[in-house]
Amino acid sequence: MIDQLLELDKELFLFLNGLHAPWLDMPMDYLSEKYFWIPLHAFLLAHVVLTFKKQSIIILVALVITIALSDQSTTRFMKPLFERLRPSHEPSLEGLVHLVDNYKGGRYGFASSHAANTFGVALFFTLLFRKSKPWMAWLFAWAALVSYTRIYLGVHYPGDILVGALIGMLWALISYGTCRWILNRIEKRNASSPGEESLS
């Protein structure tokens with residue numbers, strides 16, 4: 001069963017990775033870089049501070065914890081544990097994988113930290129602003145785009161992306177739930193200042 005799933009994952013990877021074009025290589029490379037998204041990150045952080053004011057400190061700590069746990073659980077724990085070669089390092093796929101500027105990434109790729117981080121952030125902000133700013137759910141499209149670039153660049157299988165996304169969203173649920181519990185406890189002791197949005 002596992003072998004069949006891995007084979008299916010390879011076939012799906014080859015199909016998606018094969019949908020490349022010379023003019024797409026550079027954009028996909030840029031979209032994969034975390035530095036390219038600094039303006040988006042700054043926009044999201046500003047929204048938190050302007051909306052929640054004093055509460056934003058606790059929220060930002062929860063967000064940082066979400067990203068840290070998502071990143072470390074995939075990079076430090078899963079990749080060395082499962083030791084699944086990235087498609088760019090897989091001998092059986094040599095010559096079949098489309099690479100950009102011969103970028104191959106680290107040796108192991110299961111699970112994707114890019115997917116874990118972006119989907120974790122997407123779910124955290126969607127939950128945080130679900131009442132006042134439902135359009136935050138579009139962050140899932142951003143997470144999907146960033147994750148797809150990893151397949152396009154030849155460094156992740158779709159399975160790496162799927163599992164990474166699930167891990168990131170799990171940590172987001174835990175962090176957000178803890179954050180909400182803390183803020184609700186604070187709000188019971190102190191009435192919220194005028195103009196601040198409540199998580200309750």
# chains A, B, ... in the order shown; residues from 1 in each chain; ligands from 1
>>> residues_around(residues="Phe119 of chain A", least_positions_apart="6", cutoff="12 Å", atoms="only C-alpha atoms", output="number ranges by chain")
A: 66-67, 70-71, 112-113, 125-126, 137-147, 161-173
>>> residues_around(residues="Phe36 of chain A", least_positions_apart="6", cutoff="12 Å", atoms="only C-alpha atoms", output="list in words")
Pro27, Met28, Asp29, Tyr30, Ala42 and Val146 of chain A
>>> select_by_dssp(residues="segment 15-98 of chain A", states="helix (DSSP H, G or I)", output="PyMOL selection string")
chain A and resi 15-17+22-32+34-82+87-89+91-93
>>> closest_atom_pairs(of="segment 107-197 of chain A", to="segment 3-7 of chain A", cutoff="12 Å", atoms="only C-alpha atoms", output="Markdown table")
| residue | atom | partner | partner_atom | distance |
| --- | --- | --- | --- | --- |
| A:Phe110 | CA | A:Leu6 | CA | 11.8 |
| A:Tyr157 | CA | A:Leu6 | CA | 9.4 |
| A:Pro158 | CA | A:Leu6 | CA | 10.1 |
| A:Gly159 | CA | A:Leu6 | CA | 8.2 |
| A:Asp160 | CA | A:Leu6 | CA | 10.6 |
>>> closest_residue(among="A:Ile186, A:Ile65, A:Leu24, A:Ile151", to="Asp9 of chain A", atoms="only C-alpha atoms")
A:Ile151
>>> closest_residue(among="A:Leu40, A:Val48, A:Pro87, A:Arg107", to="Glu11 of chain A", atoms="only C-alpha atoms")
A:Pro87
>>> atom_distance(atom1="atom CA of Leu50 of chain A", atom2="atom CA of Phe129 of chain A")
12.6 Å
>>> residues_around(residues="Leu16 of chain A", least_positions_apart="4", cutoff="12 Å", atoms="only C-alpha atoms", output="ChimeraX atom specification")
/A:9-12,20-21,97-98,148-154,156-158
>>> write_last_selection(atoms="C-alpha atoms", output="PDB file, in the first residue's frame")
ATOM      1  CA  ASP A   9       3.230  10.509  -5.602  1.00  0.00           C
ATOM      2  CA  LYS A  10       6.149  10.231  -8.031  1.00  0.00           C
ATOM      3  CA  GLU A  11       3.846  10.084 -11.043  1.00  0.00           C
ATOM      4  CA  LEU A  12       1.882  13.119  -9.887  1.00  0.00           C
ATOM      5  CA  HIS A  20       7.133  24.143 -16.950  1.00  0.00           C
ATOM      6  CA  ALA A  21       8.175  26.835 -19.378  1.00  0.00           C
ATOM      7  CA  VAL A  97      13.195  16.376 -13.078  1.00  0.00           C
ATOM      8  CA  HIS A  98      13.002  19.981 -14.225  1.00  0.00           C
ATOM      9  CA  TYR A 148       3.424  24.597  -5.806  1.00  0.00           C
ATOM     10  CA  THR A 149       6.651  26.449  -6.566  1.00  0.00           C
ATOM     11  CA  ARG A 150       8.474  23.761  -4.603  1.00  0.00           C
ATOM     12  CA  ILE A 151       7.104  21.100  -6.946  1.00  0.00           C
ATOM     13  CA  TYR A 152       7.872  23.259  -9.976  1.00  0.00           C
ATOM     14  CA  LEU A 153      11.474  23.706  -8.782  1.00  0.00           C
ATOM     15  CA  GLY A 154      11.783  19.928  -8.445  1.00  0.00           C
ATOM     16  CA  HIS A 156       9.268  18.384  -3.281  1.00  0.00           C
ATOM     17  CA  TYR A 157       6.742  15.692  -4.054  1.00  0.00           C
ATOM     18  CA  PRO A 158       3.021  16.511  -3.728  1.00  0.00           C
TER      19      PRO A 158
END
>>> atom_distance(atom1="atom CA of Cys179 of chain A", atom2="atom CA of Thr118 of chain A")
19.0 Å
>>> atom_distance(atom1="atom CA of Gln55 of chain A", atom2="atom CA of His114 of chain A")
27.8 Å
